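J.: Contents are mmCIF, C-alpha atoms; file name data_19.cif:
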data_work
loop_
_atom_site.group_PDB
_atom_site.id
_atom_site.type_symbol
_atom_site.label_atom_id
_atom_site.label_comp_id
_atom_site.auth_asym_id
_atom_site.auth_seq_id
_atom_site.Cartn_x
_atom_site.Cartn_y
_atom_site.Cartn_z
ATOM 1 C CA MET I 1 85.700 -78.170 39.897
ATOM 2 C CA ALA I 2 83.775 -75.405 38.159
ATOM 3 C CA HIS I 3 80.924 -76.404 35.843
ATOM 4 C CA LYS I 4 81.075 -75.130 32.308
ATOM 5 C CA PRO I 5 78.138 -72.892 31.455
ATOM 6 C CA LYS I 6 75.562 -74.474 29.154
ATOM 7 C CA PRO I 7 75.733 -73.106 25.632
ATOM 8 C CA LYS I 8 72.913 -70.757 24.760
ATOM 9 C CA TRP I 9 70.815 -71.332 21.676
ATOM 10 C CA LYS I 10 70.985 -68.509 19.222
ATOM 11 C CA PRO I 11 67.661 -67.341 17.749
ATOM 12 C CA TRP I 12 68.506 -68.618 14.270
ATOM 13 C CA GLN I 13 69.408 -72.012 15.742
ATOM 14 C CA LYS I 14 66.025 -72.252 17.493
ATOM 15 C CA VAL I 15 64.236 -71.390 14.260
ATOM 16 C CA THR I 16 66.265 -73.969 12.342
ATOM 17 C CA LEU I 17 65.550 -76.658 14.937
ATOM 18 C CA THR I 18 61.831 -75.841 14.951
ATOM 19 C CA LEU I 19 61.658 -76.026 11.161
ATOM 20 C CA ALA I 20 63.550 -79.316 11.174
ATOM 21 C CA VAL I 21 61.108 -80.818 13.682
ATOM 22 C CA ILE I 22 58.117 -79.567 11.661
ATOM 23 C CA LEU I 23 59.536 -81.010 8.440
ATOM 24 C CA LEU I 24 60.321 -84.299 10.189
ATOM 25 C CA LEU I 25 56.780 -84.584 11.543
ATOM 26 C CA ALA I 26 55.297 -83.570 8.194
ATOM 27 C CA GLY I 27 57.399 -86.184 6.419
ATOM 28 C CA ALA I 28 56.379 -88.862 8.887
ATOM 29 C CA GLY I 29 52.745 -87.838 8.512
ATOM 30 C CA PHE I 30 53.030 -87.998 4.725
ATOM 31 C CA LEU I 31 54.481 -91.506 4.905
ATOM 32 C CA LEU I 32 51.933 -92.696 7.458
ATOM 33 C CA PHE I 33 48.882 -91.121 5.822
ATOM 34 C CA PRO I 34 48.206 -93.969 3.341
ATOM 35 C CA VAL I 35 48.595 -96.576 6.081
ATOM 36 C CA VAL I 36 46.374 -94.762 8.560
ATOM 37 C CA SER I 37 43.821 -93.749 5.931
ATOM 38 C CA ASN I 38 43.588 -97.276 4.549
ATOM 39 C CA PHE I 39 43.186 -98.651 8.072
ATOM 40 C CA PHE I 40 40.190 -96.430 8.755
ATOM 41 C CA GLY I 41 38.839 -97.018 5.246
ATOM 42 C CA GLN I 42 39.000 -100.782 5.727
ATOM 43 C CA GLN I 43 37.347 -100.396 9.124
ATOM 44 C CA HIS I 44 34.486 -98.602 7.377
ATOM 45 C CA ALA I 45 34.252 -101.399 4.790
ATOM 46 C CA ASN I 46 34.283 -103.996 7.576
ATOM 47 C CA ALA I 47 31.517 -102.108 9.396
ATOM 48 C CA VAL I 48 29.348 -102.147 6.239
ATOM 49 C CA ILE I 49 29.921 -105.889 5.857
ATOM 50 C CA ASP I 50 29.233 -106.501 9.564
ATOM 51 C CA THR I 51 25.980 -104.537 9.328
ATOM 52 C CA PHE I 52 24.984 -106.634 6.314
ATOM 53 C CA ASN I 53 25.791 -109.881 8.144
ATOM 54 C CA GLN I 54 23.768 -108.745 11.152
ATOM 55 C CA SER I 55 20.789 -107.596 9.090
ATOM 56 C CA VAL I 56 20.429 -110.956 7.324
ATOM 57 C CA GLN I 57 20.135 -112.523 10.768
ATOM 58 C CA HIS I 58 16.910 -110.535 11.243
ATOM 59 C CA ILE I 59 14.723 -111.218 8.221
ATOM 60 C CA VAL I 60 11.042 -110.539 8.740
ATOM 61 C CA PRO I 61 9.068 -113.454 7.222
ATOM 62 C CA ASP I 62 6.276 -113.018 4.701
ATOM 63 C CA SER I 63 3.725 -113.488 7.495
ATOM 64 C CA PRO I 64 5.028 -111.498 10.490
ATOM 65 C CA ASP I 65 4.187 -113.008 13.853
ATOM 66 C CA GLU I 66 4.462 -111.228 17.194
ATOM 67 C CA THR I 67 5.505 -114.521 18.773
ATOM 68 C CA SER I 68 8.714 -114.687 16.717
ATOM 69 C CA THR I 69 11.674 -116.053 18.642
ATOM 70 C CA ASP I 70 13.828 -113.254 17.242
ATOM 71 C CA PRO I 71 13.503 -110.422 19.775
ATOM 72 C CA VAL I 72 14.568 -107.819 17.219
ATOM 73 C CA ILE I 73 11.610 -108.453 14.895
ATOM 74 C CA ALA I 74 9.139 -109.828 17.457
ATOM 75 C CA GLY I 75 6.947 -106.715 17.368
ATOM 76 C CA ILE I 76 6.967 -106.169 13.606
ATOM 77 C CA LYS I 77 3.513 -106.622 12.051
ATOM 78 C CA SER I 78 4.258 -105.255 8.583
ATOM 79 C CA LYS I 79 5.396 -107.490 5.739
ATOM 80 C CA SER I 80 7.526 -104.962 3.816
ATOM 81 C CA PHE I 81 9.861 -102.074 4.499
ATOM 82 C CA LYS I 82 7.495 -99.560 2.909
ATOM 83 C CA GLU I 83 4.606 -100.740 5.053
ATOM 84 C CA ALA I 84 6.745 -100.820 8.214
ATOM 85 C CA LEU I 85 7.977 -97.288 7.533
ATOM 86 C CA GLU I 86 4.427 -96.030 7.083
ATOM 87 C CA ASN I 87 3.411 -97.776 10.318
ATOM 88 C CA GLY I 88 6.300 -96.231 12.253
ATOM 89 C CA GLU I 89 7.925 -99.590 13.019
ATOM 90 C CA VAL I 90 11.253 -98.755 11.360
ATOM 91 C CA ASP I 91 13.115 -95.602 10.380
ATOM 92 C CA GLU I 92 14.314 -94.754 6.873
ATOM 93 C CA GLU I 93 17.493 -96.801 7.351
ATOM 94 C CA GLY I 94 15.589 -99.916 8.405
ATOM 95 C CA TYR I 95 16.260 -99.842 12.141
ATOM 96 C CA VAL I 96 13.430 -100.878 14.459
ATOM 97 C CA VAL I 97 12.115 -97.886 16.408
ATOM 98 C CA ASP I 98 9.803 -97.381 19.371
ATOM 99 C CA THR I 99 6.690 -95.193 19.393
ATOM 100 C CA SER I 100 8.889 -92.129 19.948
ATOM 101 C CA GLY I 101 11.030 -92.898 16.909
ATOM 102 C CA ASN I 102 14.059 -93.995 18.919
ATOM 103 C CA ARG I 103 16.054 -96.924 17.599
ATOM 104 C CA VAL I 104 15.722 -100.097 19.618
ATOM 105 C CA SER I 105 17.799 -102.402 17.382
ATOM 106 C CA GLY I 106 21.541 -102.473 16.892
ATOM 107 C CA SER I 107 21.308 -103.298 13.202
ATOM 108 C CA PRO I 108 18.759 -102.757 10.429
ATOM 109 C CA ILE I 109 16.255 -105.464 9.598
ATOM 110 C CA VAL I 110 15.233 -106.744 6.176
ATOM 111 C CA PHE I 111 11.963 -108.160 4.908
ATOM 112 C CA LYS I 112 11.646 -111.437 3.033
ATOM 113 C CA TYR I 113 8.916 -109.858 0.930
ATOM 114 C CA ASP I 114 11.396 -107.239 -0.309
ATOM 115 C CA LEU I 115 14.248 -109.733 -0.765
ATOM 116 C CA ASN I 116 11.992 -111.975 -2.843
ATOM 117 C CA ALA I 117 11.088 -109.011 -5.033
ATOM 118 C CA LEU I 118 14.753 -108.000 -5.358
ATOM 119 C CA TYR I 119 15.728 -111.539 -6.357
ATOM 120 C CA ARG I 120 12.957 -111.791 -8.971
ATOM 121 C CA ASP I 121 13.980 -108.437 -10.431
ATOM 122 C CA SER I 122 17.661 -109.429 -10.400
ATOM 123 C CA VAL I 123 16.901 -112.616 -12.344
ATOM 124 C CA ALA I 124 14.744 -110.665 -14.815
ATOM 125 C CA TYR I 125 17.483 -108.033 -15.237
ATOM 126 C CA ASN I 126 20.087 -110.706 -15.997
ATOM 127 C CA GLU I 127 17.810 -112.455 -18.491
ATOM 128 C CA SER I 128 17.151 -109.158 -20.255
ATOM 129 C CA LEU I 129 20.872 -108.804 -20.998
ATOM 130 C CA ILE I 130 21.366 -112.136 -22.745
ATOM 131 C CA ASN I 131 20.211 -110.931 -26.150
ATOM 132 C CA HIS I 132 21.888 -107.529 -25.913
ATOM 133 C CA GLN I 133 25.574 -108.418 -26.102
ATOM 134 C CA GLY I 134 27.818 -105.742 -27.536
ATOM 135 C CA THR I 135 25.505 -102.894 -26.565
ATOM 136 C CA VAL I 136 27.081 -102.144 -23.176
ATOM 137 C CA ASP I 137 27.981 -98.461 -22.928
ATOM 138 C CA THR I 138 31.627 -98.464 -21.827
ATOM 139 C CA SER I 139 31.583 -94.726 -21.163
ATOM 140 C CA ASP I 140 28.904 -94.766 -18.459
ATOM 141 C CA TYR I 141 28.426 -97.553 -15.944
ATOM 142 C CA SER I 142 27.293 -95.165 -13.248
ATOM 143 C CA THR I 143 23.559 -95.848 -13.211
ATOM 144 C CA ALA I 144 22.546 -98.551 -10.738
ATOM 145 C CA ALA I 145 21.106 -101.677 -12.345
ATOM 146 C CA LEU I 146 18.284 -101.635 -9.782
ATOM 147 C CA ARG I 147 17.167 -98.955 -7.343
ATOM 148 C CA MET I 148 17.803 -100.611 -3.996
ATOM 149 C CA SER I 149 15.718 -98.080 -2.087
ATOM 150 C CA ASP I 150 12.652 -99.638 -3.742
ATOM 151 C CA TYR I 151 13.336 -102.685 -1.569
ATOM 152 C CA GLY I 152 14.097 -100.772 1.608
ATOM 153 C CA LEU I 153 17.826 -101.366 1.210
ATOM 154 C CA SER I 154 20.930 -99.228 0.747
ATOM 155 C CA ASN I 155 22.851 -99.300 -2.533
ATOM 156 C CA PHE I 156 24.945 -102.127 -1.075
ATOM 157 C CA TYR I 157 24.149 -105.332 -3.013
ATOM 158 C CA CYS I 158 26.697 -107.866 -1.777
ATOM 159 C CA PHE I 159 30.279 -108.145 -0.657
ATOM 160 C CA LEU I 160 33.325 -109.575 -2.359
ATOM 161 C CA SER I 161 36.048 -111.648 -0.737
ATOM 162 C CA ALA I 162 39.378 -113.051 -1.921
ATOM 163 C CA PRO I 163 41.162 -114.535 1.113
ATOM 164 C CA SER I 164 44.470 -115.139 -0.698
ATOM 165 C CA ILE I 165 44.992 -111.361 -0.985
ATOM 166 C CA ASP I 166 43.036 -110.408 2.145
ATOM 167 C CA LEU I 167 40.351 -108.650 0.090
ATOM 168 C CA TYR I 168 36.964 -107.928 1.671
ATOM 169 C CA LEU I 169 34.948 -105.159 0.041
ATOM 170 C CA PRO I 170 31.309 -104.136 -0.164
ATOM 171 C CA VAL I 171 29.926 -104.041 -3.702
ATOM 172 C CA TYR I 172 27.585 -101.197 -4.643
ATOM 173 C CA LEU I 173 25.346 -100.833 -7.680
ATOM 174 C CA GLY I 174 26.545 -98.274 -10.188
ATOM 175 C CA ALA I 175 30.184 -97.428 -10.900
ATOM 176 C CA ASN I 176 29.913 -93.763 -9.986
ATOM 177 C CA ASP I 177 32.354 -91.722 -7.906
ATOM 178 C CA PRO I 178 30.584 -91.989 -4.512
ATOM 179 C CA MET I 179 30.151 -95.761 -4.816
ATOM 180 C CA MET I 180 33.713 -96.408 -5.983
ATOM 181 C CA ALA I 181 35.066 -94.208 -3.214
ATOM 182 C CA SER I 182 33.426 -96.576 -0.718
ATOM 183 C CA GLY I 183 34.263 -99.987 -2.162
ATOM 184 C CA ALA I 184 33.837 -101.956 -5.380
ATOM 185 C CA ALA I 185 31.071 -101.271 -7.883
ATOM 186 C CA HIS I 186 28.923 -103.380 -10.190
ATOM 187 C CA LEU I 187 28.929 -102.159 -13.786
ATOM 188 C CA SER I 188 25.398 -101.613 -14.991
ATOM 189 C CA GLY I 189 24.727 -103.417 -18.236
ATOM 190 C CA THR I 190 26.418 -106.553 -16.924
ATOM 191 C CA SER I 191 24.870 -109.410 -14.936
ATOM 192 C CA LEU I 192 24.021 -108.925 -11.287
ATOM 193 C CA PRO I 193 26.053 -111.295 -9.078
ATOM 194 C CA ILE I 194 23.528 -113.988 -8.175
ATOM 195 C CA ASP I 195 23.717 -117.773 -8.553
ATOM 196 C CA GLN I 196 22.497 -117.972 -12.145
ATOM 197 C CA LYS I 197 23.876 -119.578 -15.300
ATOM 198 C CA SER I 198 24.614 -117.583 -18.450
ATOM 199 C CA THR I 199 25.834 -114.572 -16.471
ATOM 200 C CA ASN I 200 28.955 -112.455 -16.363
ATOM 201 C CA SER I 201 29.105 -109.972 -13.480
ATOM 202 C CA ALA I 202 31.626 -107.176 -13.994
ATOM 203 C CA ILE I 203 32.844 -105.514 -10.802
ATOM 204 C CA ALA I 204 35.253 -102.584 -10.864
ATOM 205 C CA GLY I 205 37.510 -101.142 -8.206
ATOM 206 C CA HIS I 206 40.095 -98.386 -8.037
ATOM 207 C CA THR I 207 43.850 -98.919 -8.074
ATOM 208 C CA GLY I 208 46.120 -96.219 -6.694
ATOM 209 C CA TYR I 209 43.296 -94.466 -4.858
ATOM 210 C CA ILE I 210 44.920 -92.146 -2.324
ATOM 211 C CA GLY I 211 44.722 -93.626 1.149
ATOM 212 C CA ARG I 212 42.715 -96.723 0.218
ATOM 213 C CA ILE I 213 43.560 -100.166 -1.068
ATOM 214 C CA PHE I 214 40.661 -101.306 -3.217
ATOM 215 C CA PHE I 215 41.704 -103.439 -6.201
ATOM 216 C CA ASP I 216 45.430 -102.657 -5.964
ATOM 217 C CA ASN I 217 46.230 -106.273 -5.127
ATOM 218 C CA ILE I 218 44.050 -108.174 -7.598
ATOM 219 C CA ARG I 219 47.143 -108.511 -9.795
ATOM 220 C CA ARG I 220 48.426 -110.898 -7.121
ATOM 221 C CA LEU I 221 45.531 -113.302 -7.711
ATOM 222 C CA GLU I 222 46.688 -116.526 -9.309
ATOM 223 C CA ILE I 223 44.964 -119.200 -11.382
ATOM 224 C CA GLY I 224 42.899 -121.369 -9.042
ATOM 225 C CA ASP I 225 42.510 -118.768 -6.274
ATOM 226 C CA THR I 226 39.023 -118.442 -4.794
ATOM 227 C CA VAL I 227 36.978 -115.267 -5.162
ATOM 228 C CA SER I 228 33.545 -115.238 -3.532
ATOM 229 C CA ILE I 229 30.340 -113.231 -3.701
ATOM 230 C CA HIS I 230 28.165 -113.010 -0.582
ATOM 231 C CA ASN I 231 24.715 -111.635 -1.329
ATOM 232 C CA TYR I 232 21.374 -111.729 0.524
ATOM 233 C CA TRP I 233 20.547 -115.249 -0.676
ATOM 234 C CA GLU I 234 23.754 -117.254 -1.024
ATOM 235 C CA ASP I 235 27.532 -117.461 -1.028
ATOM 236 C CA ILE I 236 28.951 -118.102 -4.507
ATOM 237 C CA ASP I 237 32.525 -119.372 -4.912
ATOM 238 C CA TYR I 238 34.438 -118.707 -8.114
ATOM 239 C CA GLN I 239 37.938 -119.698 -9.176
ATOM 240 C CA VAL I 240 40.355 -117.486 -11.064
ATOM 241 C CA ILE I 241 40.729 -118.944 -14.566
ATOM 242 C CA ASP I 242 42.527 -116.133 -16.396
ATOM 243 C CA TYR I 243 43.884 -112.605 -16.171
ATOM 244 C CA LYS I 244 44.787 -110.169 -18.902
ATOM 245 C CA ILE I 245 45.367 -106.556 -19.883
ATOM 246 C CA VAL I 246 43.062 -105.019 -22.484
ATOM 247 C CA ALA I 247 42.504 -101.566 -23.930
ATOM 248 C CA GLU I 248 39.951 -99.335 -22.241
ATOM 249 C CA ASP I 249 37.354 -99.755 -24.994
ATOM 250 C CA VAL I 250 37.615 -103.557 -25.318
ATOM 251 C CA THR I 251 34.538 -105.126 -23.712
ATOM 252 C CA ASP I 252 34.428 -108.668 -25.113
ATOM 253 C CA ASP I 253 35.470 -110.190 -21.786
ATOM 254 C CA ILE I 254 32.413 -108.895 -19.946
ATOM 255 C CA TYR I 255 29.957 -110.443 -22.391
ATOM 256 C CA ILE I 256 27.780 -113.327 -21.276
ATOM 257 C CA GLN I 257 28.815 -116.790 -22.455
ATOM 258 C CA GLU I 258 25.894 -119.177 -22.662
ATOM 259 C CA GLY I 259 25.826 -121.779 -19.891
ATOM 260 C CA ARG I 260 28.771 -120.282 -17.993
ATOM 261 C CA GLN I 261 28.712 -118.338 -14.728
ATOM 262 C CA LEU I 262 31.488 -115.752 -14.772
ATOM 263 C CA LEU I 263 32.750 -112.962 -12.544
ATOM 264 C CA THR I 264 35.104 -110.368 -14.027
ATOM 265 C CA LEU I 265 37.104 -108.038 -11.778
ATOM 266 C CA ILE I 266 38.308 -104.845 -13.446
ATOM 267 C CA THR I 267 40.789 -102.162 -12.473
ATOM 268 C CA CYS I 268 43.004 -99.607 -14.220
ATOM 269 C CA ILE I 269 46.650 -100.176 -15.114
ATOM 270 C CA TYR I 270 49.022 -97.653 -16.660
ATOM 271 C CA SER I 271 49.501 -98.269 -20.359
ATOM 272 C CA GLY I 272 52.977 -96.711 -20.461
ATOM 273 C CA TYR I 273 51.909 -93.953 -22.834
ATOM 274 C CA GLY I 274 51.142 -90.446 -21.618
ATOM 275 C CA ASP I 275 48.005 -90.324 -19.487
ATOM 276 C CA ASP I 276 46.455 -93.461 -20.963
ATOM 277 C CA PHE I 277 45.316 -96.370 -18.833
ATOM 278 C CA ASP I 278 44.416 -99.885 -19.899
ATOM 279 C CA ARG I 279 42.219 -102.320 -17.985
ATOM 280 C CA TYR I 280 43.493 -105.225 -15.927
ATOM 281 C CA LEU I 281 40.962 -108.075 -15.793
ATOM 282 C CA VAL I 282 40.745 -111.060 -13.482
ATOM 283 C CA ILE I 283 38.314 -113.592 -14.945
ATOM 284 C CA CYS I 284 36.674 -116.042 -12.559
ATOM 285 C CA GLU I 285 34.202 -118.883 -13.050
ATOM 286 C CA LYS I 286 31.873 -120.530 -10.566
ATOM 287 C CA THR I 287 33.178 -123.777 -9.137
ATOM 288 C CA ASP I 288 30.963 -126.845 -8.865
#
Rewrite the structure from the file as structure tokens, please.

T.:
Amino acid sequence: MAHKPKPKWKPWQKVTLTLAVILLLAGAGFLLFPVVSNFFGQQHANAVIDTFNQSVQHIVPDSPDETSTDPVIAGIKSKSFKEALENGEVDEEGYVVDTSGNRVSGSPIVFKYDLNALYRDSVAYNESLINHQGTVDTSDYSTAALRMSDYGLSNFYCFLSAPSIDLYLPVYLGANDPMMASGAAHLSGTSLPIDQKSTNSAIAGHTGYIGRIFFDNIRRLEIGDTVSIHNYWEDIDYQVIDYKIVAEDVTDDIYIQEGRQLLTLITCIYSGYGDDFDRYLVICEKTD
């Protein structure tokens, strides 16, 4: 039995098929981009948090001792980052280096001397805000409350977690574009997130940021859910006590309330009118 000859593709058919495949792949790529981009973005956030967790395992004490049981800091003789940098014991990112300047530690180290100074300055900053309610500049939160490089640290101050919505984000000082493109950001002019009464720490995060899930899901937080701050000194657990939508220029909810320890999460939400956006707030209070 004779075989029928295979049909030949006409040039226009080949072009059509090629275009169809290209459009199909482009469409799939468009749909997958947010998923893939968020995956890598969250991996970056996780890496920042992991580096933080590792660094606080290697805190150089006020009186460095070569006989330290921690092999990472055993050879450190300096008591501060600035001194260690001048002595060639660490590089500018806080990693221990050898005499040739090569890194010999897998994570940066921190100095108790610097952390003590940072904590004292954080407390002083918070206390300075108590008598200045209503003077927060809502148009510019971009300036960091403290310059972390003065303490040998990056602009990373703490990280935020909310297990009920699978939220784990580094928190940076200063709500400027680079910081908010990397995680959440502390609004200068509001309390720094430490374990201190008469504070209200306002932390902002993007919603609808292309390829990243930052604060998109905080609207799923419910009354009673736990939101935690993990800084260099402690873990602080808060409970969600309220949520609301307010106009962009309404700032009453980020004011300090005497004797209370509050954490206010802030993101944008479409107002329904033109290009205007309101603010969605999740208000949390420290649990006993």

J.: My list of candidates is I:Ala247, I:Leu85, I:Met180, I:Ile241. Which is closest to Thr207 (chain I) when distances are computed with only C-alpha atoms?

T.: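 Among the listed residues, the smallest separation from Thr207 (chain I) belongs to I:Met180.
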
J.: List as a ChimeraX atom specification the residues having at least one atom at most 7 Å from position (34.3, -102.9, -1.4) as given in the file, counting all atoms listed in the file.

T.: /I:45,159-160,168-171,182-184,214

J.: Around all listed atoms of region 67-86 of chain I, padded 4 Å per side, what centre and edge lengths does the axis-aligned box have in Å to one decimal, as AutoDock Vina command-line options?

T.:
--center_x 9.0 --center_y -106.0 --center_z 11.3 --size_x 19.1 --size_y 28.0 --size_z 24.9

J.: Work out how far apart CA of Lys82 (chain I) and CA of Ser149 (chain I) are and give it in Å to one decimal.

T.: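 CA of Ser149 (chain I) lies 9.7 Å from CA of Lys82 (chain I).
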
J.: Apply the PyMOL selection byres ((chain I and resi 235) around 12) to the file shown and report the selected residues as a PDB file with C-alpha atoms, keeping the file's coordinate frame.

T.:
ATOM      1  CA  CYS I 158      26.697-107.866  -1.777  1.00  0.00           C
ATOM      2  CA  PHE I 159      30.279-108.145  -0.657  1.00  0.00           C
ATOM      3  CA  LEU I 160      33.325-109.575  -2.359  1.00  0.00           C
ATOM      4  CA  SER I 161      36.048-111.648  -0.737  1.00  0.00           C
ATOM      5  CA  PRO I 193      26.053-111.295  -9.078  1.00  0.00           C
ATOM      6  CA  ILE I 194      23.528-113.988  -8.175  1.00  0.00           C
ATOM      7  CA  ASP I 195      23.717-117.773  -8.553  1.00  0.00           C
ATOM      8  CA  VAL I 227      36.978-115.267  -5.162  1.00  0.00           C
ATOM      9  CA  SER I 228      33.545-115.238  -3.532  1.00  0.00           C
ATOM     10  CA  ILE I 229      30.340-113.231  -3.701  1.00  0.00           C
ATOM     11  CA  HIS I 230      28.165-113.010  -0.582  1.00  0.00           C
ATOM     12  CA  ASN I 231      24.715-111.635  -1.329  1.00  0.00           C
ATOM     13  CA  TYR I 232      21.374-111.729   0.524  1.00  0.00           C
ATOM     14  CA  TRP I 233      20.547-115.249  -0.676  1.00  0.00           C
ATOM     15  CA  GLU I 234      23.754-117.254  -1.024  1.00  0.00           C
ATOM     16  CA  ILE I 236      28.951-118.102  -4.507  1.00  0.00           C
ATOM     17  CA  ASP I 237      32.525-119.372  -4.912  1.00  0.00           C
ATOM     18  CA  TYR I 238      34.438-118.707  -8.114  1.00  0.00           C
ATOM     19  CA  LYS I 286      31.873-120.530 -10.566  1.00  0.00           C
ATOM     20  CA  THR I 287      33.178-123.777  -9.137  1.00  0.00           C
TER      21      THR I 287
END

J.: Quick one: everything within 10 Å of region 255-260 of chain I, counting all atoms listed in the file, minus sequence neighbours fewer than 6 positions away in the same chain. Send it as a list of chain:residue names.

T.: I:Asn126, I:Leu129, I:Ile130, I:Asn131, I:His132, I:Gln133, I:Gly134, I:Thr135, I:Val136, I:Gly189, I:Thr190, I:Ser191, I:Gln196, I:Lys197, I:Ser198, I:Thr199, I:Asn200, I:Ser201, I:Ala202, I:Glu285, I:Lys286

J.: So how far away is CA of Ser154 (chain I) from CA of Gln43 (chain I), in Å?

T.: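 If I compute the distance from CA of Gln43 (chain I) to CA of Ser154 (chain I), I get 18.5 Å.
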
J.: Looking at I:Asn155, I:Thr143, I:Ser128, I:Thr51, which one is nearest to Ser107 (chain I), with distances taken over only C-alpha atoms?

T.: I:Thr51

J.: Residues near Asp253 (chain I), anyone? I mean within 9 Å using all atoms listed in the file, not counting same-chain ones fewer than 4 positions away, as a list of chain:residue names.

T.: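 Listed by chain and then number, they are I:Asn200, I:Thr264, I:Leu281, I:Ile283.
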
J.: Considering only C-alpha atoms, can you say which of I:Ala74, I:Ala162, I:Cys268, I:Val123 comes closest to Val104 (chain I)?

T.: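 Under the stated criterion, the closest residue is I:Ala74.
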
J.: In Å, how far is it from CA of Ser78 (chain I) to CA of Ile109 (chain I)?

T.: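 It comes out at 12.0 Å.
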
J.: Could you tell me, as a ChimeraX atom specification, exactly which residues end up selected when the PyMOL selection byres ((chain I and resi 93) around 9) is applied to this structure?

T.: /I:90-92,94-95,108,152-154

J.: Please produce an output containing C-alpha atoms for each residue in the selection, written as a tab-separated table (two decimals), keeping the file's coordinate frame.

T.:
chain	number	residue	atom	x	y	z
I	90	VAL	CA	11.25	-98.76	11.36
I	91	ASP	CA	13.12	-95.60	10.38
I	92	GLU	CA	14.31	-94.75	6.87
I	94	GLY	CA	15.59	-99.92	8.40
I	95	TYR	CA	16.26	-99.84	12.14
I	108	PRO	CA	18.76	-102.76	10.43
I	152	GLY	CA	14.10	-100.77	1.61
I	153	LEU	CA	17.83	-101.37	1.21
I	154	SER	CA	20.93	-99.23	0.75

J.: Using only C-alpha atoms, can you list as a VMD selection string the residues within 10 Å of (18.3, -109.1, 11.9)?

T.: chain I and resid 51 to 60 70 to 73 95 to 96 105 to 111

J.: Can you work out which one of I:Tyr280, I:Tyr273, I:Phe156, I:Tyr125 has the shortest atom-to-atom distance to Gly205 (chain I), counting only C-alpha atoms?

T.: I:Tyr280
